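Next comes data_20.cif, with mmCIF, C-alpha atoms and all ligand atoms.
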data_upload
#
loop_
_atom_site.group_PDB
_atom_site.id
_atom_site.type_symbol
_atom_site.label_atom_id
_atom_site.label_comp_id
_atom_site.auth_asym_id
_atom_site.auth_seq_id
_atom_site.Cartn_x
_atom_site.Cartn_y
_atom_site.Cartn_z
ATOM 1 C CA MET F 1 214.952 155.019 -191.465
ATOM 2 C CA ASN F 2 217.398 154.604 -194.312
ATOM 3 C CA ALA F 3 218.995 157.505 -196.149
ATOM 4 C CA PRO F 4 216.818 158.995 -198.902
ATOM 5 C CA PHE F 5 216.998 157.167 -202.224
ATOM 6 C CA LEU F 6 215.571 160.055 -204.222
ATOM 7 C CA THR F 7 214.953 163.797 -203.903
ATOM 8 C CA LEU F 8 212.629 165.902 -206.058
ATOM 9 C CA ALA F 9 212.451 169.682 -206.378
ATOM 10 C CA LEU F 10 208.984 171.196 -205.884
ATOM 11 C CA PRO F 11 209.473 174.739 -207.212
ATOM 12 C CA ASP F 12 205.900 175.822 -206.510
ATOM 13 C CA ALA F 13 202.638 174.603 -204.999
ATOM 14 C CA THR F 14 201.469 173.380 -208.413
ATOM 15 C CA ALA F 15 204.396 170.950 -208.486
ATOM 16 C CA THR F 16 203.277 169.593 -205.104
ATOM 17 C CA ASP F 17 199.753 169.195 -206.538
ATOM 18 C CA ARG F 18 201.155 167.318 -209.527
ATOM 19 C CA LEU F 19 203.150 164.962 -207.313
ATOM 20 C CA GLY F 20 200.045 164.194 -205.236
ATOM 21 C CA ALA F 21 198.078 163.447 -208.389
ATOM 22 C CA THR F 22 200.944 161.309 -209.710
ATOM 23 C CA LEU F 23 201.045 159.051 -206.663
ATOM 24 C CA ALA F 24 197.279 158.941 -206.040
ATOM 25 C CA PRO F 25 196.258 156.127 -208.429
ATOM 26 C CA HIS F 26 199.174 153.923 -207.397
ATOM 27 C CA LEU F 27 198.314 153.615 -203.700
ATOM 28 C CA GLY F 28 196.288 150.745 -202.283
ATOM 29 C CA ALA F 29 195.113 149.111 -199.066
ATOM 30 C CA GLY F 30 197.932 148.805 -196.558
ATOM 31 C CA ASP F 31 200.037 151.618 -198.013
ATOM 32 C CA THR F 32 201.209 154.162 -195.464
ATOM 33 C CA VAL F 33 202.948 157.388 -196.443
ATOM 34 C CA LEU F 34 204.640 159.280 -193.615
ATOM 35 C CA LEU F 35 204.775 163.030 -194.305
ATOM 36 C CA ASP F 36 207.644 164.622 -192.410
ATOM 37 C CA GLY F 37 208.912 168.201 -192.392
ATOM 38 C CA GLN F 38 208.641 171.427 -190.443
ATOM 39 C CA ILE F 39 205.519 173.582 -190.038
ATOM 40 C CA GLY F 40 204.494 174.961 -193.429
ATOM 41 C CA ALA F 41 206.672 172.535 -195.399
ATOM 42 C CA GLY F 42 203.730 171.426 -197.562
ATOM 43 C CA LYS F 43 202.585 168.144 -195.969
ATOM 44 C CA THR F 44 198.874 169.000 -195.910
ATOM 45 C CA HIS F 45 199.063 170.559 -199.362
ATOM 46 C CA PHE F 46 200.467 167.288 -200.743
ATOM 47 C CA ALA F 47 197.970 165.093 -198.865
ATOM 48 C CA ARG F 48 195.048 167.242 -200.052
ATOM 49 C CA ALA F 49 196.177 167.016 -203.681
ATOM 50 C CA LEU F 50 196.535 163.245 -203.420
ATOM 51 C CA ILE F 51 193.165 162.717 -201.728
ATOM 52 C CA GLN F 52 191.291 165.073 -204.054
ATOM 53 C CA SER F 53 192.806 163.335 -207.047
ATOM 54 C CA ARG F 54 191.585 159.920 -205.819
ATOM 55 C CA LEU F 55 188.127 161.327 -205.051
ATOM 56 C CA ALA F 56 187.954 163.064 -208.429
ATOM 57 C CA ALA F 57 188.636 159.718 -210.113
ATOM 58 C CA LEU F 58 185.410 158.524 -208.422
ATOM 59 C CA GLY F 59 183.549 161.633 -209.561
ATOM 60 C CA ARG F 60 183.608 163.164 -206.082
ATOM 61 C CA ILE F 61 184.507 166.723 -205.185
ATOM 62 C CA GLU F 62 185.035 167.126 -201.440
ATOM 63 C CA ASP F 63 186.750 169.483 -199.054
ATOM 64 C CA VAL F 64 189.899 168.069 -197.545
ATOM 65 C CA PRO F 65 190.433 170.046 -194.346
ATOM 66 C CA SER F 66 193.675 169.821 -192.392
ATOM 67 C CA PRO F 67 193.281 167.282 -189.562
ATOM 68 C CA THR F 68 195.082 169.692 -187.227
ATOM 69 C CA PHE F 69 192.420 169.497 -184.502
ATOM 70 C CA THR F 70 190.494 166.340 -185.398
ATOM 71 C CA LEU F 71 193.802 164.398 -185.650
ATOM 72 C CA VAL F 72 192.216 162.120 -188.259
ATOM 73 C CA GLN F 73 189.962 162.652 -191.289
ATOM 74 C CA VAL F 74 188.634 159.519 -192.972
ATOM 75 C CA TYR F 75 187.479 159.452 -196.599
ATOM 76 C CA ASP F 76 185.120 156.682 -197.740
ATOM 77 C CA GLY F 77 186.187 154.356 -200.480
ATOM 78 C CA SER F 78 187.712 150.990 -201.049
ATOM 79 C CA PRO F 79 190.111 151.309 -199.528
ATOM 80 C CA GLU F 80 189.356 154.188 -197.170
ATOM 81 C CA ILE F 81 191.859 157.017 -196.973
ATOM 82 C CA TRP F 82 192.980 158.085 -193.500
ATOM 83 C CA HIS F 83 194.634 161.504 -193.300
ATOM 84 C CA SER F 84 196.074 162.284 -189.902
ATOM 85 C CA ASP F 85 198.077 165.064 -188.278
ATOM 86 C CA LEU F 86 199.602 163.815 -185.033
ATOM 87 C CA TYR F 87 201.196 167.125 -183.982
ATOM 88 C CA ARG F 88 198.820 167.395 -181.028
ATOM 89 C CA LEU F 89 198.974 163.729 -180.048
ATOM 90 C CA GLY F 90 199.686 163.386 -176.335
ATOM 91 C CA HIS F 91 201.227 159.916 -176.206
ATOM 92 C CA PRO F 92 202.035 157.255 -178.840
ATOM 93 C CA ASP F 93 199.433 154.972 -177.185
ATOM 94 C CA ASP F 94 196.752 157.450 -178.298
ATOM 95 C CA VAL F 95 197.443 156.158 -181.808
ATOM 96 C CA LEU F 96 195.680 152.953 -180.784
ATOM 97 C CA GLU F 97 192.636 154.911 -179.638
ATOM 98 C CA LEU F 98 192.433 156.646 -182.997
ATOM 99 C CA GLY F 99 192.269 153.234 -184.662
ATOM 100 C CA LEU F 100 195.328 153.908 -186.754
ATOM 101 C CA GLU F 101 196.900 150.479 -186.243
ATOM 102 C CA ASP F 102 194.096 148.695 -188.092
ATOM 103 C CA ALA F 103 194.027 151.480 -190.660
ATOM 104 C CA PHE F 104 197.706 150.868 -191.413
ATOM 105 C CA ASP F 105 196.739 147.354 -192.515
ATOM 106 C CA GLU F 106 193.483 148.094 -194.282
ATOM 107 C CA ALA F 107 193.462 151.668 -195.567
ATOM 108 C CA ILE F 108 195.654 154.162 -197.381
ATOM 109 C CA CYS F 109 197.188 156.220 -194.571
ATOM 110 C CA LEU F 110 198.799 159.635 -194.915
ATOM 111 C CA VAL F 111 200.397 160.699 -191.635
ATOM 112 C CA GLU F 112 201.702 164.184 -190.808
ATOM 113 C CA TRP F 113 204.109 164.463 -187.841
ATOM 114 C CA PRO F 114 204.892 160.707 -187.988
ATOM 115 C CA ASP F 115 207.604 161.054 -185.308
ATOM 116 C CA ARG F 116 204.682 160.978 -182.843
ATOM 117 C CA LEU F 117 204.065 157.325 -183.786
ATOM 118 C CA GLY F 118 207.199 156.131 -182.010
ATOM 119 C CA ASP F 119 207.540 152.366 -182.505
ATOM 120 C CA LEU F 120 204.078 152.138 -184.057
ATOM 121 C CA ALA F 121 205.245 153.463 -187.449
ATOM 122 C CA PRO F 122 204.828 150.632 -189.987
ATOM 123 C CA ASP F 123 208.159 149.261 -191.234
ATOM 124 C CA ALA F 124 206.830 149.068 -194.777
ATOM 125 C CA ALA F 125 205.891 152.769 -194.939
ATOM 126 C CA LEU F 126 207.184 155.286 -197.455
ATOM 127 C CA LEU F 127 208.709 158.348 -195.791
ATOM 128 C CA MET F 128 208.498 161.701 -197.576
ATOM 129 C CA GLN F 129 210.523 164.469 -195.971
ATOM 130 C CA PHE F 130 209.470 167.919 -197.128
ATOM 131 C CA SER F 131 211.937 170.808 -196.814
ATOM 132 C CA LEU F 132 211.662 174.543 -197.267
ATOM 133 C CA SER F 133 214.420 176.138 -199.315
ATOM 134 C CA GLU F 134 216.561 178.737 -197.610
ATOM 135 C CA GLN F 135 215.406 181.504 -199.905
ATOM 136 C CA GLY F 136 212.086 181.820 -201.631
ATOM 137 C CA ALA F 137 208.993 179.645 -201.457
ATOM 138 C CA ALA F 138 210.249 176.502 -203.178
ATOM 139 C CA ARG F 139 210.139 173.128 -201.466
ATOM 140 C CA SER F 140 211.850 169.808 -202.003
ATOM 141 C CA VAL F 141 210.931 166.304 -200.956
ATOM 142 C CA ALA F 142 213.222 163.384 -200.114
ATOM 143 C CA PHE F 143 211.926 159.800 -200.283
ATOM 144 C CA SER F 144 213.128 156.961 -198.088
ATOM 145 C CA GLY F 145 211.829 153.560 -197.064
ATOM 146 C CA PRO F 146 212.208 149.885 -197.873
ATOM 147 C CA ALA F 147 213.605 148.612 -201.185
ATOM 148 C CA LYS F 148 210.110 147.626 -202.301
ATOM 149 C CA TRP F 149 209.011 151.263 -202.184
ATOM 150 C CA GLN F 150 212.155 152.389 -203.961
ATOM 151 C CA GLU F 151 211.320 150.060 -206.857
ATOM 152 C CA ARG F 152 207.658 151.125 -206.958
ATOM 153 C CA LEU F 153 208.463 154.816 -206.890
ATOM 154 C CA GLN F 154 211.192 154.608 -209.489
ATOM 155 C CA LYS F 155 208.671 152.964 -211.816
ATOM 156 C CA ILE F 156 205.870 155.461 -211.126
ATOM 157 C CA LEU F 157 208.038 158.564 -211.371
ATOM 158 C CA THR F 158 209.788 157.375 -214.531
ATOM 159 C CA GLN F 159 206.447 156.550 -216.136
ATOM 160 C CA GLU F 160 205.086 159.991 -215.268
ATOM 161 C CA GLY F 161 208.206 161.863 -216.427
ATOM 162 C CA TRP F 162 209.427 163.079 -213.043
ATOM 163 C CA ILE F 163 212.805 161.371 -213.354
HETATM 164 N N1 LIG F 201 206.166 173.355 -203.580
HETATM 165 C C1 LIG F 201 205.660 174.421 -202.958
HETATM 166 N N2 LIG F 201 206.146 175.630 -203.199
HETATM 167 C C2 LIG F 201 205.645 176.702 -202.571
HETATM 168 N N3 LIG F 201 204.644 176.682 -201.650
HETATM 169 C C3 LIG F 201 204.129 175.494 -201.378
HETATM 170 C C4 LIG F 201 204.608 174.316 -202.001
HETATM 171 N N4 LIG F 201 203.909 173.266 -201.520
HETATM 172 C C5 LIG F 201 203.045 173.787 -200.634
HETATM 173 N N5 LIG F 201 203.158 175.121 -200.537
HETATM 174 C C6 LIG F 201 202.405 176.029 -199.655
HETATM 175 O O1 LIG F 201 202.939 175.987 -198.342
HETATM 176 C C7 LIG F 201 201.937 176.386 -197.416
HETATM 177 C C8 LIG F 201 201.967 175.530 -196.183
HETATM 178 O O2 LIG F 201 201.660 174.210 -196.546
HETATM 179 P P1 LIG F 201 200.944 173.139 -195.602
HETATM 180 O O3 LIG F 201 199.809 173.689 -194.855
HETATM 181 O O4 LIG F 201 200.730 171.992 -196.502
HETATM 182 O O5 LIG F 201 202.108 172.821 -194.534
HETATM 183 P P2 LIG F 201 202.227 171.621 -193.508
HETATM 184 O O6 LIG F 201 203.539 170.995 -193.774
HETATM 185 O O7 LIG F 201 201.037 170.763 -193.558
HETATM 186 O O8 LIG F 201 202.300 172.378 -192.099
HETATM 187 P P3 LIG F 201 201.794 171.900 -190.644
HETATM 188 O O9 LIG F 201 202.979 171.221 -190.008
HETATM 189 O O10 LIG F 201 201.466 173.182 -189.951
HETATM 190 O O11 LIG F 201 200.631 170.986 -190.792
HETATM 191 C C9 LIG F 201 200.618 176.332 -198.162
HETATM 192 O O12 LIG F 201 200.195 177.655 -198.408
HETATM 193 C C10 LIG F 201 200.965 175.627 -199.453
HETATM 194 O O13 LIG F 201 200.176 176.038 -200.525
HETATM 195 MG MG MG F 202 199.642 170.183 -192.142
#
Take the structure in the file and give it back as structure tokens.
Amino acid sequence: MNAPFLTLALPDATATDRLGATLAPHLGAGDTVLLDGQIGAGKTHFARALIQSRLAALGRIEDVPSPTFTLVQVYDGSPEIWHSDLYRLGHPDDVLELGLEDAFDEAICLVEWPDRLGDLAPDAALLMQFSLSEQGAARSVAFSGPAKWQERLQKILTQEGWI
């Protein structure tokens, strides 16, 4: 993956919620967002905020549990949203069994522990790397990915006053 093209501070969990809600309406079928970062970095928190924001736009209020043990949670819609946590994945080939390859083409996919994908990670994906600060609870997130994503994000984040 390329070097990050942008980094945002996330001083508290509310900021992570806001970022999820900011990106939510801009994602569509075939968009994959890889959520990287150590345990507790805020990957699930971000994914939950994004998914709940999309569901709320459809008038739906649903629990968004961490896919820690199920590996994948799928949310109905057009497109569907696939939220996965691959921490416990045994082998990259298991990704095929989960059906993730087709989902990468057809759904919105949010993937925690994307290093487990090996070569199966889509080239067109946006990578968000969450980091914990050395002191305190704050987080930051660094974005990387293809030029197309850089352009899209710059537009979205400018429009929403993040940058
Ligand atoms: N910007 C933030 N500032 C402070 N705390 C945050 C921030 N974003 C998320 N958190 C909190 O961090 C905690 C851990 O987050 P989360 O469960 O999302 O981690 P994770 O990256 O998914 O970890 P895992 O690898 O175990 O799945 C949660 O309590 C969440 O509310
Ligand atoms: Mg998680």
Write out as a tab-separated table the residues of segment 40-107 of chain F that have any atom within 12 Å of an atom of segment 128-147 of chain F, one row each with the nearest atom pair and its distance in Å to one decimal, counting all atoms listed in the file, sorted by chain and then rising number.
residue	atom	partner	partner_atom	distance
F:Gly40	CA	F:Leu132	CA	8.1
F:Ala41	CA	F:Phe130	CA	5.7
F:Gly42	CA	F:Phe130	CA	6.7
F:Lys43	CA	F:Phe130	CA	7.0
F:Thr44	CA	F:Phe130	CA	10.7
F:His45	CA	F:Phe130	CA	11.0
F:Phe46	CA	F:Phe130	CA	9.7
F:Ala47	CA	F:Met128	CA	11.1
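Using all atoms listed in the file for every distance, the candidate list F:Asp63, F:Asp119, F:Asp36, F:Asp94 yields F:Asp63 as the residue closest to Ala49 of chain F.
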Exercise: Leu110 of chain F partners within 12 Å, only C-alpha atoms, chain neighbours under 4 positions left out, as number ranges by chain: F: 20, 23-24, 27-36, 43-51, 66-67, 71-75, 80-86, 100, 103-104, 114, 121-122, 125-128
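A straight line drawn from atom C7 of ligand LIG 201 (chain F) to atom CA of Asp123 of chain F is 28.5 Å long.
Taking all atoms listed in the file into account, ligand MG 202 (chain F) lies nearest to F:Thr68 out of the set F:Thr7, F:Gln52, F:Thr16, F:Thr68.
Between atom CA of Arg116 of chain F and atom CA of Pro92 of chain F the separation is 6.1 Å.
When all atoms listed in the file are used to measure the gap to Trp162 of chain F, the shortest distance among F:Leu19, F:Asp12, F:Ala56, F:Pro4 belongs to F:Leu19.
As for atom CA of Gly77 of chain F and atom CA of Ile108 of chain F, they are spaced 10.0 Å apart.
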Determine the axis-aligned bounding box of all atoms of segment 123-141 of chain F present in the file, pad each side by 4 Å, and express its centre and edge lengths in Å to one decimal place as lines of an AutoDock Vina configuration file.
center_x = 211.2
center_y = 165.4
center_z = -197.2
size_x = 18.7
size_y = 40.8
size_z = 19.9
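In this comparison, which uses all atoms listed in the file, the residue of F:Asp115, F:Glu106, F:Glu160, F:Asp17 approaching ligand LIG 201 (chain F) most closely is F:Asp17.
Among F:His26, F:Arg18, F:Arg88, F:Lys155, the residue with the shortest atom-to-atom distance to ligand MG 202 (chain F), counting only C-alpha atoms and all ligand atoms, is F:Arg88.
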